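Note sheet for the following structure.
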Amino acid sequence: MTNPTSRFVYVTYIRTTPELLWAALTDAERNKLYWLGAWQRSDWTEGADWAIVRGNGELADSGQILEIEKPRRIVIRWLNHMRPELEAEGFARCVIEIEQVEGAVKLTVDHSIEVADSQLIQAVSGGWPKILSNLKSLLETGEVLLS
């Protein structure tokens, strides 16, 4: 018998290069432009600590880089700290994949947790589209949609 899993997958195509997308995903200063005032903190090596820090310095999420293959794939062990009921669900897994497709880059974010009807997955399903729409807009136009 397998564990119940909740999952959110978001796919978008961005007119950029894998290298520029990778830089936007892994550079804290660039994160601040599109991540709704937050940024990721890590040294982006396998086994490294990883965190999302809000604009006020508050720790939003933390975890560990499980796999990394520049500029194609990042796998993060992810724990939310913003709401007790989300933190209680335990660690999720977030897989970010970058693939060159003709004149664009396909970005896939696959966020999952072994919890049926996960509140965390409900929360990220509202957050990821905003963040990734901002990222796409920033890379294609130099401006974000949402702040």
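Simple scheme: letters A, B, ... for chains in structure tokens order, numbers from 1 for residues in each chain, numbers from 1 for ligands in the order shown.
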Applying 8 Å and only C-alpha atoms, which residues near stretch 139-147 of chain A remain after dropping the ones on its own chain fewer than 4 positions away? List them as a short mmCIF file (atom, residue, chain, number, x, y, z; two decimals) with N, CA and C atoms, in the first residue's frame.
```cif
data_model
loop_
_atom_site.label_atom_id
_atom_site.label_comp_id
_atom_site.auth_asym_id
_atom_site.auth_seq_id
_atom_site.Cartn_x
_atom_site.Cartn_y
_atom_site.Cartn_z
N ILE A 14 8.96 30.07 -20.83
CA ILE A 14 9.51 31.41 -20.69
C ILE A 14 10.50 31.66 -21.81
N ARG A 15 10.38 32.82 -22.43
CA ARG A 15 11.31 33.20 -23.49
C ARG A 15 12.60 33.69 -22.82
N THR A 16 13.52 32.76 -22.59
CA THR A 16 14.79 33.03 -21.94
C THR A 16 15.72 31.87 -22.22
N LEU A 21 17.38 31.71 -16.53
CA LEU A 21 16.34 31.24 -15.62
C LEU A 21 16.97 30.70 -14.34
N LEU A 33 12.92 40.44 -6.53
CA LEU A 33 12.18 41.16 -7.56
C LEU A 33 10.84 40.51 -7.88
N TYR A 34 10.76 39.18 -7.78
CA TYR A 34 9.54 38.49 -8.22
C TYR A 34 8.88 37.61 -7.16
N LEU A 36 7.47 38.17 -4.38
CA LEU A 36 6.53 38.88 -3.52
C LEU A 36 7.20 39.37 -2.23
N GLY A 37 8.43 39.87 -2.36
CA GLY A 37 9.14 40.44 -1.23
C GLY A 37 10.00 39.47 -0.46
N LYS A 130 1.43 32.90 -8.73
CA LYS A 130 1.79 34.31 -8.62
C LYS A 130 3.29 34.51 -8.79
N SER A 133 4.41 33.55 -12.39
CA SER A 133 3.96 34.55 -13.37
C SER A 133 4.85 35.79 -13.28
N ASN A 134 5.19 36.20 -12.06
CA ASN A 134 6.11 37.32 -11.89
C ASN A 134 7.48 37.02 -12.50
N LEU A 135 7.96 35.80 -12.27
CA LEU A 135 9.27 35.40 -12.81
C LEU A 135 9.25 35.45 -14.34
#
```
Taking 4 positions as the minimum chain separation for residues in the same chain, which residues sit within 7 Å of A:Thr12 when counting only C-alpha atoms? Answer as a PDB file with C-alpha atoms, in the first residue's frame.
```pdb
ATOM      1  CA  LYS A 106       9.998  24.937 -20.092  1.00  0.00           C
ATOM      2  CA  LEU A 107       9.872  25.400 -16.320  1.00  0.00           C
ATOM      3  CA  THR A 108       8.127  22.708 -14.273  1.00  0.00           C
TER       4      THR A 108
END
```
**Q.** Selected residue, from A:Pro71, A:Pro4, A:Gly57, A:Pro18, that lies nearest to A:Trp44 when counting only C-alpha atoms
**A.** A:Pro71
Q) Nearest to A:Gly103: which of A:Arg83, A:Ile65, A:Tyr13, A:Trp78 is it, counting only C-alpha atoms? A)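 Smallest distance to A:Gly103 is found for A:Tyr13.
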Extract, using only C-alpha atoms, all DNA, RNA and protein residues at most 6 Å from A:His111, discarding same-chain residues fewer than 6 positions from it, and format them as a tab-separated table (two decimals) with N, CA and C atoms, in the first residue's frame.
```
chain	number	residue	atom	x	y	z
A	7	ARG	N	-0.42	16.80	-4.42
A	7	ARG	CA	0.56	17.27	-5.39
A	7	ARG	C	0.04	18.48	-6.14
A	8	PHE	N	0.94	19.42	-6.43
A	8	PHE	CA	0.64	20.56	-7.28
A	8	PHE	C	1.76	20.66	-8.31
A	93	ARG	N	8.27	17.89	-0.78
A	93	ARG	CA	9.34	17.78	-1.78
A	93	ARG	C	8.97	18.68	-2.95
A	94	CYS	N	9.91	19.51	-3.36
A	94	CYS	CA	9.69	20.40	-4.49
A	94	CYS	C	10.77	20.13	-5.54
```
Q: Determine, counting only C-alpha atoms, which protein, DNA and RNA residues have an atom within 10 Å of an atom of A:Gly63; residues of the same chain fewer than 3 positions away are not included. Present the result as a list in words.
A: Ser42, Gly47, Ala48, Asp49, Trp50, Ala51, Ile52, Leu66, Ile76, Arg77, Trp78, Leu79, Asn80, Phe91, Ala92 and Arg93 of chain A
Q | DSSP-assigned strand (DSSP E) members of chain A, reported as an NGL selection string | A | :A and (6-14 or 39-42 or 49-53 or 59-69 or 73-80 or 92-101 or 104-113)
For those residues, write C-alpha atoms to a file as a short mmCIF file (atom, residue, chain, number, x, y, z; two decimals), in the first residue's frame.
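Output saved as again-v7.cif:
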```
data_model
loop_
_atom_site.label_atom_id
_atom_site.label_comp_id
_atom_site.auth_asym_id
_atom_site.auth_seq_id
_atom_site.Cartn_x
_atom_site.Cartn_y
_atom_site.Cartn_z
CA SER A 6 -1.06 15.57 -2.43
CA ARG A 7 0.56 17.27 -5.39
CA PHE A 8 0.64 20.56 -7.28
CA VAL A 9 2.36 20.81 -10.67
CA TYR A 10 2.86 24.08 -12.54
CA VAL A 11 4.32 24.28 -16.04
CA THR A 12 5.15 27.45 -17.92
CA TYR A 13 7.21 28.39 -20.94
CA ILE A 14 9.51 31.41 -20.69
CA TRP A 39 13.95 35.43 -1.29
CA GLN A 40 15.62 32.04 -1.16
CA ARG A 41 18.79 31.56 0.87
CA SER A 42 21.14 28.67 0.04
CA ASP A 49 20.54 24.20 3.84
CA TRP A 50 17.79 26.09 2.04
CA ALA A 51 15.30 28.71 3.27
CA ILE A 52 12.78 31.29 2.15
CA VAL A 53 13.13 34.55 4.06
CA LEU A 59 11.80 32.58 8.19
CA ALA A 60 8.92 31.36 6.01
CA ASP A 61 10.20 27.93 4.92
CA SER A 62 13.33 25.86 5.43
CA GLY A 63 14.83 22.61 4.26
CA GLN A 64 17.65 21.10 2.31
CA ILE A 65 18.85 20.81 -1.27
CA LEU A 66 18.49 17.08 -2.03
CA GLU A 67 19.63 17.18 -5.65
CA ILE A 68 21.03 19.88 -7.89
CA GLU A 69 22.09 19.79 -11.53
CA ARG A 73 17.14 20.50 -11.88
CA ILE A 74 16.75 21.32 -8.20
CA VAL A 75 15.09 19.06 -5.61
CA ILE A 76 14.28 20.66 -2.25
CA ARG A 77 13.14 19.09 1.03
CA TRP A 78 10.69 21.81 2.16
CA LEU A 79 9.10 22.64 5.54
CA ASN A 80 6.70 25.56 5.95
CA ALA A 92 7.28 18.30 1.35
CA ARG A 93 9.34 17.78 -1.78
CA CYS A 94 9.69 20.40 -4.49
CA VAL A 95 11.22 19.48 -7.84
CA ILE A 96 12.14 22.31 -10.21
CA GLU A 97 13.04 21.28 -13.75
CA ILE A 98 14.33 23.46 -16.59
CA GLU A 99 14.25 22.22 -20.18
CA GLN A 100 15.18 24.02 -23.41
CA VAL A 101 12.27 23.80 -25.86
CA ALA A 104 11.95 29.05 -24.94
CA VAL A 105 12.54 27.27 -21.67
CA LYS A 106 10.00 24.94 -20.09
CA LEU A 107 9.87 25.40 -16.32
CA THR A 108 8.13 22.71 -14.27
CA VAL A 109 7.56 23.00 -10.53
CA ASP A 110 6.27 19.80 -8.90
CA HIS A 111 5.44 20.26 -5.20
CA SER A 112 4.24 17.17 -3.31
CA ILE A 113 3.79 15.80 0.18
#
```
Q. With distances taken over only C-alpha atoms, which of A:Leu138, A:Glu19, A:Ile131, A:Glu89 is nearest to A:Gln119?
A.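 Closest residue, counting only C-alpha atoms: A:Glu89.
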